[in-house]
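Structure file coords.cif; described as mmCIF, C-alpha atoms and all ligand atoms.
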data_work
loop_
_atom_site.label_atom_id
_atom_site.label_comp_id
_atom_site.auth_asym_id
_atom_site.auth_seq_id
_atom_site.Cartn_x
_atom_site.Cartn_y
_atom_site.Cartn_z
CA MET A 1 -25.84 -9.36 23.40
CA PHE A 2 -23.23 -8.17 20.91
CA ASP A 3 -19.50 -8.82 21.22
CA LEU A 4 -18.74 -5.18 20.52
CA LEU A 5 -20.81 -2.02 20.13
CA VAL A 6 -19.21 1.23 19.00
CA ARG A 7 -21.56 4.16 19.53
CA ASN A 8 -21.82 7.53 17.84
CA THR A 9 -19.34 7.20 14.98
CA THR A 10 -18.84 9.22 11.83
CA LEU A 11 -18.34 7.05 8.75
CA PRO A 12 -16.10 7.83 5.75
CA ASP A 13 -19.18 8.41 3.57
CA GLY A 14 -20.24 11.29 5.83
CA ARG A 15 -22.97 9.63 7.88
CA THR A 16 -22.85 10.75 11.51
CA GLY A 17 -24.32 9.44 14.77
CA ILE A 18 -23.96 5.84 13.58
CA ASP A 19 -23.52 2.83 15.89
CA ILE A 20 -21.68 -0.31 14.74
CA ALA A 21 -22.46 -3.70 16.33
CA ALA A 22 -20.32 -6.81 15.91
CA SER A 23 -20.89 -10.46 16.79
CA GLY A 24 -19.14 -13.67 15.75
CA GLY A 25 -16.41 -11.71 13.98
CA LYS A 26 -18.87 -9.98 11.64
CA ILE A 27 -20.56 -6.61 11.56
CA VAL A 28 -24.23 -7.30 12.33
CA ALA A 29 -25.70 -3.79 12.39
CA VAL A 30 -24.76 -0.27 11.26
CA ALA A 31 -27.44 2.23 12.26
CA PRO A 32 -28.25 5.11 14.61
CA SER A 33 -29.04 4.20 18.23
CA ILE A 34 -28.79 0.39 18.03
CA ALA A 35 -30.76 -1.20 20.89
CA GLY A 36 -28.98 -3.80 22.99
CA GLU A 37 -25.89 -4.42 25.05
CA ALA A 38 -22.43 -5.70 24.28
CA ALA A 39 -19.55 -7.39 26.03
CA ARG A 40 -17.62 -4.24 25.24
CA GLU A 41 -19.01 -0.84 24.34
CA ILE A 42 -16.96 2.10 23.04
CA ASP A 43 -18.21 5.68 22.81
CA ALA A 44 -16.65 7.10 19.65
CA GLY A 45 -17.77 10.60 20.55
CA GLY A 46 -18.61 11.43 16.94
CA LEU A 47 -15.11 10.56 15.65
CA LEU A 48 -14.30 8.73 12.43
CA VAL A 49 -14.49 4.96 12.07
CA THR A 50 -13.04 3.53 8.88
CA PRO A 51 -12.49 0.07 7.49
CA PRO A 52 -8.82 -0.83 8.06
CA PHE A 53 -6.02 0.69 6.05
CA VAL A 54 -4.73 -1.52 3.25
CA ASP A 55 -1.23 -1.30 1.77
CA ALA A 56 -1.39 -2.52 -1.82
CA HIS A 57 2.38 -2.35 -2.32
CA PHE A 58 5.08 -3.20 0.19
CA HIS A 59 8.30 -5.20 0.64
CA LEU A 60 8.25 -7.13 3.91
CA ASP A 61 11.57 -8.84 3.14
CA GLY A 62 13.36 -5.50 2.82
CA THR A 63 11.73 -3.57 5.63
CA LEU A 64 13.86 -2.49 8.61
CA THR A 65 17.07 -3.53 6.80
CA LEU A 66 18.30 0.06 6.59
CA GLY A 67 21.99 0.03 7.43
CA LEU A 68 22.30 -3.77 7.42
CA ALA A 69 24.91 -3.54 4.66
CA GLY A 70 26.61 -0.76 6.61
CA LYS A 71 25.97 1.96 4.06
CA PRO A 72 23.25 4.53 3.42
CA ASN A 73 21.76 5.20 -0.04
CA LYS A 74 23.86 8.28 -0.79
CA SER A 75 22.42 9.11 -4.21
CA GLY A 76 18.82 8.39 -3.16
CA THR A 77 18.27 6.57 -6.45
CA LEU A 78 16.39 3.37 -7.19
CA ALA A 79 19.57 1.97 -8.77
CA GLU A 80 21.67 2.51 -5.62
CA GLY A 81 18.82 1.04 -3.54
CA ILE A 82 18.84 -2.11 -5.66
CA ARG A 83 22.66 -2.30 -5.44
CA LEU A 84 22.53 -1.93 -1.64
CA TRP A 85 19.80 -4.58 -1.47
CA GLY A 86 22.20 -6.92 -3.31
CA GLU A 87 24.92 -6.10 -0.78
CA THR A 88 22.44 -6.77 2.03
CA GLN A 89 21.80 -10.35 0.85
CA PRO A 90 24.74 -11.98 2.68
CA PHE A 91 23.40 -10.55 5.96
CA LEU A 92 19.90 -11.97 5.53
CA THR A 93 19.04 -14.89 7.79
CA ALA A 94 15.73 -16.63 8.36
CA GLU A 95 15.65 -15.41 11.94
CA GLY A 96 16.43 -11.81 10.97
CA LEU A 97 13.83 -11.74 8.19
CA ARG A 98 11.19 -13.22 10.51
CA LYS A 99 11.99 -10.81 13.35
CA ARG A 100 11.85 -7.72 11.14
CA ALA A 101 8.69 -8.75 9.28
CA LEU A 102 6.87 -9.53 12.53
CA ALA A 103 8.02 -6.24 14.07
CA TYR A 104 6.70 -4.37 11.03
CA CYS A 105 3.38 -6.21 11.30
CA ASP A 106 3.14 -5.11 14.96
CA LEU A 107 3.70 -1.53 13.86
CA ALA A 108 1.12 -1.94 11.08
CA VAL A 109 -1.52 -3.16 13.51
CA SER A 110 -0.87 -0.21 15.80
CA GLN A 111 -1.62 2.06 12.82
CA GLY A 112 -4.80 0.24 11.82
CA LEU A 113 -3.09 -1.26 8.76
CA LEU A 114 -4.58 -4.76 8.61
CA ALA A 115 -3.84 -5.93 5.05
CA ILE A 116 -0.53 -5.80 3.18
CA ARG A 117 0.34 -6.96 -0.32
CA SER A 118 4.06 -7.67 -0.07
CA HIS A 119 6.41 -8.40 -2.92
CA VAL A 120 9.07 -10.98 -2.04
CA ASP A 121 12.35 -11.19 -3.93
CA ILE A 122 12.84 -14.58 -5.60
CA THR A 123 16.27 -13.81 -7.08
CA ASP A 124 18.22 -15.99 -4.64
CA ASP A 125 17.68 -19.62 -5.55
CA SER A 126 17.30 -20.53 -1.87
CA LEU A 127 13.94 -18.68 -1.86
CA LEU A 128 14.65 -17.87 1.79
CA GLY A 129 12.41 -14.80 1.67
CA VAL A 130 9.48 -16.84 0.35
CA GLU A 131 9.96 -19.50 2.99
CA VAL A 132 10.10 -17.00 5.86
CA LEU A 133 7.33 -14.69 4.65
CA ALA A 134 5.02 -17.68 4.07
CA GLU A 135 5.57 -18.55 7.74
CA VAL A 136 5.00 -14.94 8.79
CA LYS A 137 1.84 -14.77 6.69
CA ALA A 138 0.43 -17.79 8.53
CA ALA A 139 1.55 -16.49 11.92
CA VAL A 140 -0.08 -13.07 11.57
CA ALA A 141 -3.22 -14.30 9.76
CA PRO A 142 -5.41 -13.99 12.87
CA TYR A 143 -4.79 -10.24 12.96
CA LEU A 144 -3.36 -9.13 9.61
CA ASP A 145 -3.85 -10.29 6.01
CA VAL A 146 -0.58 -10.67 4.10
CA GLN A 147 -0.62 -11.39 0.39
CA LEU A 148 2.67 -12.35 -1.28
CA VAL A 149 3.84 -11.44 -4.79
CA ALA A 150 6.69 -13.34 -6.46
CA PHE A 151 9.11 -10.57 -7.41
CA PRO A 152 12.21 -10.96 -9.63
CA GLN A 153 14.12 -7.93 -8.35
CA MET A 154 16.82 -8.22 -11.06
CA GLY A 155 14.44 -9.28 -13.86
CA TYR A 156 12.88 -12.41 -15.33
CA PHE A 157 15.78 -12.77 -17.77
CA SER A 158 18.46 -12.00 -15.16
CA LYS A 159 19.37 -15.65 -14.61
CA PRO A 160 18.49 -19.03 -16.12
CA SER A 161 16.90 -20.28 -12.89
CA MET A 162 14.36 -17.44 -12.66
CA PRO A 163 11.45 -19.14 -14.51
CA GLY A 164 11.92 -22.15 -12.23
CA ASN A 165 12.06 -19.87 -9.17
CA PHE A 166 8.64 -18.49 -10.13
CA ILE A 167 7.16 -21.98 -10.31
CA ARG A 168 8.73 -22.99 -7.00
CA ALA A 169 7.57 -19.80 -5.27
CA LEU A 170 4.00 -20.23 -6.52
CA ASP A 171 4.06 -23.87 -5.45
CA MET A 172 5.15 -22.67 -1.98
CA GLY A 173 1.97 -20.63 -1.72
CA VAL A 174 2.88 -17.21 -3.12
CA ASP A 175 -0.39 -15.62 -4.20
CA VAL A 176 0.43 -13.22 -7.02
CA VAL A 177 2.76 -13.13 -10.05
CA GLY A 178 5.07 -10.10 -10.09
CA GLY A 179 7.57 -8.72 -12.55
CA ILE A 180 9.83 -5.78 -13.34
CA PRO A 181 9.80 -5.51 -17.14
CA HIS A 182 11.47 -2.08 -17.39
CA LEU A 183 14.57 -3.55 -15.72
CA GLU A 184 15.02 -6.39 -18.22
CA PRO A 185 18.19 -6.22 -20.38
CA THR A 186 16.29 -4.73 -23.33
CA ASP A 187 12.93 -3.11 -23.85
CA ALA A 188 11.91 -6.03 -26.08
CA LEU A 189 12.80 -8.54 -23.37
CA GLY A 190 10.66 -6.54 -20.95
CA HIS A 191 7.67 -7.09 -23.20
CA LEU A 192 8.50 -10.80 -23.53
CA ALA A 193 8.78 -11.11 -19.73
CA THR A 194 5.39 -9.45 -19.31
CA THR A 195 3.79 -11.86 -21.77
CA ALA A 196 5.44 -14.91 -20.14
CA LEU A 197 4.45 -13.89 -16.62
CA CYS A 198 0.87 -12.93 -17.49
CA THR A 199 0.51 -16.28 -19.27
CA LEU A 200 1.81 -18.08 -16.18
CA ALA A 201 -0.66 -16.21 -13.98
CA ALA A 202 -3.55 -16.94 -16.34
CA GLU A 203 -2.69 -20.66 -16.40
CA ARG A 204 -2.77 -20.76 -12.61
CA GLY A 205 -5.75 -18.43 -12.17
CA LEU A 206 -3.64 -15.94 -10.22
CA MET A 207 -3.48 -12.17 -10.05
CA VAL A 208 -0.62 -10.12 -11.52
CA ASP A 209 1.11 -7.12 -9.96
CA MET A 210 4.17 -5.86 -11.77
CA HIS A 211 6.62 -3.15 -10.88
CA CYS A 212 6.32 -1.36 -14.18
CA ASP A 213 8.01 1.67 -15.74
CA GLU A 214 9.55 2.77 -12.46
CA ASN A 215 11.63 5.49 -14.10
CA ASP A 216 11.44 8.97 -15.61
CA ASP A 217 11.79 7.77 -19.21
CA PRO A 218 8.78 9.07 -21.17
CA LEU A 219 9.28 6.20 -23.63
CA SER A 220 9.17 3.47 -20.98
CA ARG A 221 5.86 1.91 -21.99
CA GLN A 222 5.84 -1.61 -20.55
CA ILE A 223 2.41 -0.83 -19.11
CA GLU A 224 1.09 -0.86 -22.67
CA THR A 225 2.01 -4.55 -23.00
CA LEU A 226 0.69 -5.35 -19.52
CA THR A 227 -2.62 -3.76 -20.53
CA TYR A 228 -2.71 -5.66 -23.84
CA GLU A 229 -1.99 -8.99 -22.12
CA THR A 230 -4.67 -8.31 -19.53
CA ARG A 231 -7.22 -7.92 -22.30
CA ARG A 232 -5.89 -10.80 -24.41
CA LEU A 233 -5.95 -13.24 -21.49
CA GLY A 234 -9.29 -12.05 -20.08
CA MET A 235 -7.67 -11.01 -16.80
CA GLY A 236 -9.45 -7.69 -16.27
CA GLY A 237 -9.81 -6.86 -12.57
CA ARG A 238 -6.93 -9.17 -11.62
CA VAL A 239 -3.95 -7.16 -12.89
CA ALA A 240 -2.17 -4.17 -11.39
CA GLY A 241 0.70 -2.03 -12.63
CA SER A 242 2.75 -0.74 -9.70
CA HIS A 243 4.65 2.55 -9.75
CA LEU A 244 4.08 3.46 -13.44
CA CYS A 245 6.34 6.48 -12.80
CA SER A 246 7.06 7.12 -16.48
CA MET A 247 3.39 8.03 -16.93
CA HIS A 248 4.24 11.37 -15.31
CA SER A 249 6.73 12.14 -18.09
CA MET A 250 4.83 10.67 -21.05
CA ASP A 251 3.54 12.64 -23.98
CA ASN A 252 0.04 13.82 -23.06
CA PHE A 253 -1.65 12.29 -26.09
CA PHE A 254 -0.09 8.90 -25.46
CA ALA A 255 -0.88 9.06 -21.74
CA ALA A 256 -4.53 9.91 -22.38
CA ARG A 257 -4.91 6.98 -24.76
CA LEU A 258 -3.08 4.65 -22.36
CA ILE A 259 -5.30 5.67 -19.43
CA GLU A 260 -8.41 4.95 -21.44
CA ARG A 261 -7.03 1.53 -22.44
CA MET A 262 -6.06 0.67 -18.86
CA ALA A 263 -9.49 1.62 -17.55
CA SER A 264 -11.34 -0.36 -20.20
CA ALA A 265 -9.07 -3.42 -19.79
CA GLY A 266 -9.50 -3.43 -16.01
CA VAL A 267 -5.85 -2.76 -15.16
CA ALA A 268 -5.41 -1.19 -11.73
CA ALA A 269 -2.70 1.35 -10.95
CA ILE A 270 -0.76 1.41 -7.70
CA ALA A 271 1.22 4.58 -7.06
CA ASN A 272 3.73 4.79 -4.24
CA PRO A 273 3.81 8.54 -3.63
CA ILE A 274 6.51 8.62 -0.94
CA ALA A 275 8.83 6.20 -2.75
CA ASN A 276 8.21 7.87 -6.10
CA MET A 277 8.97 11.34 -4.74
CA THR A 278 12.12 9.99 -3.11
CA LEU A 279 13.57 7.90 -5.94
CA GLN A 280 12.40 9.62 -9.13
CA GLY A 281 13.64 12.89 -10.59
CA ARG A 282 17.11 12.15 -9.25
CA ILE A 283 18.88 12.74 -12.54
CA ASP A 284 16.91 15.90 -13.24
CA THR A 285 18.55 19.21 -12.45
CA TYR A 286 15.72 21.75 -12.29
CA PRO A 287 12.80 21.48 -12.65
CA LYS A 288 12.70 18.08 -10.90
CA ARG A 289 9.87 15.84 -12.05
CA ARG A 290 7.52 14.19 -9.57
CA GLY A 291 7.62 10.68 -11.03
CA MET A 292 4.15 9.71 -9.86
CA LEU A 293 1.49 8.22 -12.14
CA ARG A 294 -1.50 10.34 -13.19
CA ALA A 295 -3.83 9.41 -10.35
CA PRO A 296 -6.72 11.87 -10.84
CA GLU A 297 -6.88 11.17 -14.56
CA LEU A 298 -6.89 7.39 -14.02
CA MET A 299 -9.60 7.72 -11.38
CA ALA A 300 -11.68 9.96 -13.64
CA ALA A 301 -11.42 7.33 -16.40
CA GLY A 302 -12.77 4.69 -14.01
CA ALA A 303 -9.54 2.81 -13.30
CA ALA A 304 -8.90 1.45 -9.81
CA VAL A 305 -6.10 3.41 -8.15
CA ALA A 306 -4.40 2.67 -4.83
CA PHE A 307 -1.48 4.29 -3.03
CA GLY A 308 1.12 2.01 -1.44
CA GLN A 309 3.91 2.51 1.08
CA ASP A 310 6.55 0.44 -0.81
CA SER A 311 9.38 0.88 1.67
CA VAL A 312 10.01 1.60 5.35
CA LEU A 313 13.54 1.89 6.75
CA ASP A 314 15.23 0.01 3.92
CA PRO A 315 17.83 0.74 1.20
CA TRP A 316 15.24 2.69 -0.80
CA TYR A 317 13.62 4.84 1.91
CA PRO A 318 15.16 5.79 5.26
CA MET A 319 11.93 6.84 6.98
CA GLY A 320 8.33 5.58 7.32
CA ARG A 321 6.17 4.26 10.14
CA ALA A 322 3.52 1.99 8.59
CA ASP A 323 1.09 4.90 8.50
CA MET A 324 -0.98 4.79 5.32
CA LEU A 325 -2.19 8.31 6.11
CA ASP A 326 1.41 9.51 5.55
CA VAL A 327 1.10 7.91 2.11
CA ALA A 328 -2.29 9.53 1.41
CA HIS A 329 -0.93 12.88 2.65
CA MET A 330 2.00 12.74 0.24
CA GLY A 331 -0.24 11.53 -2.60
CA ALA A 332 -2.65 14.42 -2.07
CA HIS A 333 0.16 16.93 -2.44
CA VAL A 334 2.04 15.29 -5.31
CA ALA A 335 -1.10 14.71 -7.38
CA HIS A 336 -2.69 18.07 -6.50
CA MET A 337 -5.63 16.22 -4.93
CA THR A 338 -6.14 18.71 -2.12
CA GLY A 339 -9.79 19.60 -2.80
CA ASP A 340 -12.50 17.89 -0.77
CA ASP A 341 -13.14 15.28 -3.48
CA GLY A 342 -9.42 14.78 -3.95
CA LEU A 343 -8.77 14.16 -0.26
CA ARG A 344 -11.63 11.67 -0.11
CA ALA A 345 -10.18 9.92 -3.16
CA CYS A 346 -6.76 9.80 -1.49
CA PHE A 347 -8.36 8.26 1.61
CA ALA A 348 -10.06 5.66 -0.61
CA ALA A 349 -6.69 4.93 -2.25
CA VAL A 350 -5.34 3.60 1.08
CA THR A 351 -8.57 1.87 2.13
CA GLU A 352 -11.38 0.64 -0.14
CA ASN A 353 -9.58 0.95 -3.50
CA ALA A 354 -6.57 -0.95 -2.20
CA ALA A 355 -8.83 -3.64 -0.71
CA ARG A 356 -10.60 -4.06 -4.04
CA ILE A 357 -7.36 -4.25 -6.03
CA ILE A 358 -5.83 -6.96 -3.84
CA GLY A 359 -9.14 -8.83 -3.74
CA LEU A 360 -9.75 -8.65 0.02
CA ASP A 361 -12.91 -10.53 1.04
CA GLY A 362 -15.44 -9.19 3.54
CA TYR A 363 -14.07 -5.64 3.54
CA GLY A 364 -16.27 -2.67 4.43
CA LEU A 365 -18.55 -1.16 7.04
CA ALA A 366 -21.82 -2.91 6.33
CA PRO A 367 -23.70 -5.79 7.94
CA GLY A 368 -22.11 -9.06 6.84
CA CYS A 369 -18.61 -7.61 6.44
CA ASN A 370 -15.79 -8.73 8.69
CA ALA A 371 -15.84 -6.74 11.94
CA ASP A 372 -12.54 -5.04 11.12
CA PHE A 373 -12.34 -1.28 11.60
CA VAL A 374 -10.37 1.57 13.09
CA LEU A 375 -11.45 4.46 15.33
CA LEU A 376 -9.38 7.53 14.54
CA GLN A 377 -9.00 10.76 16.45
CA ALA A 378 -10.29 12.65 13.43
CA ALA A 379 -13.60 14.07 12.32
CA ASP A 380 -13.65 12.82 8.71
CA PRO A 381 -11.31 11.46 6.00
CA ALA A 382 -9.91 14.90 5.10
CA ASP A 383 -9.24 15.53 8.79
CA ALA A 384 -7.53 12.13 9.03
CA ILE A 385 -5.15 12.98 6.18
CA ARG A 386 -4.50 16.43 7.66
CA LEU A 387 -3.72 15.14 11.15
CA ARG A 388 -2.51 11.58 10.58
CA PRO A 389 -3.89 11.05 14.10
CA VAL A 390 -3.58 8.29 16.66
CA ARG A 391 -5.65 5.16 16.14
CA LEU A 392 -7.75 5.12 19.30
CA ALA A 393 -8.94 1.55 18.69
CA VAL A 394 -8.10 -1.07 16.06
CA VAL A 395 -10.69 -3.83 15.77
CA ARG A 396 -10.17 -7.21 14.10
CA ARG A 397 -13.06 -9.69 13.87
CA GLY A 398 -14.92 -7.81 16.59
CA LYS A 399 -12.05 -7.69 19.09
CA VAL A 400 -9.97 -4.64 19.99
CA ILE A 401 -6.38 -5.61 19.13
CA ALA A 402 -4.68 -2.22 19.57
CA GLU A 403 -5.48 0.91 21.54
CA THR A 404 -3.76 4.28 21.76
CA PRO A 405 -4.75 7.03 24.20
CA MET A 406 -6.38 10.19 22.88
CA GLN A 407 -3.80 12.82 22.04
CA THR A 408 -4.22 15.95 24.13
CA THR A 409 -1.85 18.67 25.20
CA ARG A 410 -1.90 20.45 28.54
CA LEU A 411 -1.31 24.16 28.14
CA ALA A 412 0.04 26.57 30.71
CA LEU A 413 -0.94 29.85 29.09
CA PRO A 414 -2.68 32.80 30.75
CA GLY A 415 -6.34 33.10 29.73
CA ARG A 416 -6.23 30.09 27.38
CA PRO A 417 -7.74 26.59 27.77
CA ASP A 418 -5.96 24.15 30.08
CA VAL A 419 -6.16 21.29 27.58
CA ILE A 420 -6.46 21.20 23.79
CA ASP A 421 -6.85 18.38 21.33
CA PRO A 422 -6.14 18.61 17.62
CA VAL A 423 -9.71 17.87 16.50
CA ARG A 424 -12.17 19.47 18.88
CA SER A 425 -10.12 22.58 19.69
CA VAL A 426 -9.79 23.45 16.00
CA ARG A 427 -13.48 22.66 15.35
CA ALA A 428 -14.59 24.84 18.25
CA ALA A 429 -12.72 27.82 16.83
CA SER A 430 -13.66 27.44 13.17
FE FE2 B 501 8.14 -1.93 -4.84
#

Let me see the file written as structure tokens.
Amino acid sequence: MFDLLVRNTTLPDGRTGIDIAASGGKIVAVAPSIAGEAAREIDAGGLLVTPPFVDAHFHLDGTLTLGLAGKPNKSGTLAEGIRLWGETQPFLTAEGLRKRALAYCDLAVSQGLLAIRSHVDITDDSLLGVEVLAEVKAAVAPYLDVQLVAFPQMGYFSKPSMPGNFIRALDMGVDVVGGIPHLEPTDALGHLATTALCTLAAERGLMVDMHCDENDDPLSRQIETLTYETRRLGMGGRVAGSHLCSMHSMDNFFAARLIERMASAGVAAIANPIANMTLQGRIDTYPKRRGMLRAPELMAAGAAVAFGQDSVLDPWYPMGRADMLDVAHMGAHVAHMTGDDGLRACFAAVTENAARIIGLDGYGLAPGCNADFVLLQAADPADAIRLRPVRLAVVRRGKVIAETPMQTTRLALPGRPDVIDPVRSVRAAS
């Protein structure tokens, strides 16, 4: 007797007619026509089941604060977003931070997003954000994995207390060492900050994830130092560069050499396609650059690449809905990854690649993995990115924790079907 049996699924790797059985919080069988019964059985009807979506880059302390300071981001720039975030600080309370973070986690679960790496600003010496998000992390742990990154929004050298704030934040249970070297007072100080923070992470056996080169300056090359330090400290596989927007604008020869070095050093790249398209290129006239890292080239070189959401309803981005398929959809367009292989790679960038980069244990659709998965109203990963469909069922440790009804539309048209749905009606006609 299984706890849960999902029949007749399609898997992201293309296998069809596959049943998935779960017991004791784990997947115990993945095969056609599994014999046996379950406490709950779901007929997937041939639709796609995927491991959960994973957001490798987010800011849970900033989310849903749009308008808290009473002003919109008029210029749409990163700089105005950071300024507005500063003006938002006096309005931040423990209760408000907790309420917004928990509300976002609810939304995430409804979208099948069950793991989030969130940066948390440690600029304010109170470390209020760390305190609250550590509580939120513990509260949501039964249904959603939150990983916290200590993030110096204004820079490591922005204030004398910042090195101490890092130590305190890590002692409070923050998981990952962050940074923002391109925002340090000088380029040289950015490199020094990178070295100091990578050394700190190495001493504590922690991962590193730095906001890095989030600008359109082709000579912003902090990622070069992050890559060097990764190799020097033997931290391959535990370091990520987030954003890396300048890579879009870099000289092609330099970029090609950098990509090769990143891949061989084991430095992962986390693009944030929606945020990058919103915030970059703002001081260009025409043509306007895209400001997104070179995802297909990094993937081809063997580097791990994920796409993150970064922001939802905050001073940097006034939209968003915790849907990682929105992120994959934007990434596919920005990076010209619209071929079949490209779409599959974009799907991986918000699922398995992101899980690998943040070091998520027990992830996948194989016996022995955690029984965490999502049934989508889509035929395959490309269809999922095309439709960004409802999540029919979200499963955590073998239990359904969110359900959304199938989307159908009733038509009143002469000689046409009474009801259509976005998957089967299109399939039937094509
Ligand atoms: Fe960010």

ask   = Near A:Asp145, counting all atoms listed in the file, which residues have an atom at most 8 Å away, once you skip same-chain residues fewer than 2 positions from it, shown as a list in words?
value = Leu114, Ala115, Ile116, Lys137, Val140, Ala141, Pro142, Tyr143 and Gln147 of chain A

List every residue of chain A that has an atom at most 7 Å from any atom of ligand FE2 501 (chain B), and for each one report the closest atom pair and its distance in Å to one decimal, counting only C-alpha atoms and all ligand atoms, with rows sorted by chain and then by increasing residue number, as CSV.
residue,atom,partner,partner_atom,distance
A:His57,CA,B:FE2_501,FE,6.3
A:Phe58,CA,B:FE2_501,FE,6.0
A:His59,CA,B:FE2_501,FE,6.4
A:His119,CA,B:FE2_501,FE,7.0
A:His211,CA,B:FE2_501,FE,6.3
A:Asp310,CA,B:FE2_501,FE,4.9

Any idea what's packed within 10 Å of A:Arg232, counting all atoms listed in the file, ignoring anything in its chain fewer than 6 positions away? Could you give it as a PDB file with C-alpha atoms, in the frame of the given file?
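The new file around-v2.pdb reads:
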ATOM      1  CA  CYS A 198       0.870 -12.930 -17.490  1.00  0.00           C
ATOM      2  CA  THR A 199       0.510 -16.280 -19.270  1.00  0.00           C
ATOM      3  CA  LEU A 226       0.690  -5.350 -19.520  1.00  0.00           C
ATOM      4  CA  ALA A 265      -9.070  -3.420 -19.790  1.00  0.00           C
TER       5      ALA A 265
END

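When atom CA of A:Ser311 is paired with atom CA of A:Glu80, their separation reads 14.4 Å.
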
inquiry  = Would you pick out the contacts of A:Gly178 at 10 Å or less, using all atoms listed in the file, so that residues sharing its chain but fewer than 6 positions from it are not included, and give the list as a ChimeraX atom specification?
reply    = /A:119-121,148-153,156,166,194,197-198,201,207-212,239-242

Hey, which bits of stretch 47-141 of chain A sit within 9 Å of stretch 401-415 of chain A, and for each residue what's the closest pair of atoms and how far apart in Å (one decimal), counting all atoms listed in the file, rows by chain and increasing number, as CSV?
residue,atom,partner,partner_atom,distance
A:Val109,CA,A:Ala402,CA,6.9
A:Ser110,CA,A:Ala402,CA,5.7
A:Gln111,CA,A:Ala402,CA,8.6
A:Gly112,CA,A:Ala402,CA,8.1

key: Distance query A:Gly234 at most 10 Å, all atoms listed in the file, self and fewer than 6 positions along chain excluded, as a VMD selection string   = chain A and resid 202 228 265 to 266

request  = Tell me which protein, DNA and RNA residues are within 9 Å of A:Met172, counting all atoms listed in the file, leaving out same-chain ones fewer than 2 positions away, and put them as JSON, numbers by chain.
outcome  = {"A": [130, 131, 134, 167, 168, 169, 170, 174]}

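Between A:Arg289 and the candidates A:Asp217, A:Glu135, A:Glu41, A:Asp171, the tightest atom-to-atom separation, counting only C-alpha atoms, involves A:Asp217.
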
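Closest approach to A:Thr195 among A:Ala382, A:Leu233, A:Leu183, A:Val327: A:Leu233, based on all atoms listed in the file.
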
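What separates atom CA of A:Ile122 from atom CA of A:Asn165 is a distance of 6.4 Å.
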
Once you add 4 Å to each side, what are the centre and edge lengths of the axis-aligned box holding all listed atoms of stretch 115-123 of chain A? One decimal in Å, as AutoDock Vina command-line options, if you can.
--center_x 6.2 --center_y -10.2 --center_z -1.0 --size_x 28.1 --size_y 16.8 --size_z 20.1

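Nearest residue to A:Gly342 among A:Leu128, A:Ala371, A:Val146, A:Ala300 is A:Ala300, counting all atoms listed in the file.
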
message = Could you tell me how far atom CA of A:Ser246 sits from atom CA of A:Ala348, in Å to one decimal place?
response = 23.4 Å

request  = Dig up all the protein and nucleic acid residues within 9 Å of (6.8, 6.9, -17.9) in the file frame, using only C-alpha atoms, and format them as an MDAnalysis selection string.
outcome  = chainID A and resid 213:223 244:251 255 291:293

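Distances from A:Ile180, A:Ala103, A:Ala39, A:Ile259 to A:Arg321 were compared using all atoms listed in the file, and the smallest one belongs to A:Ala103.
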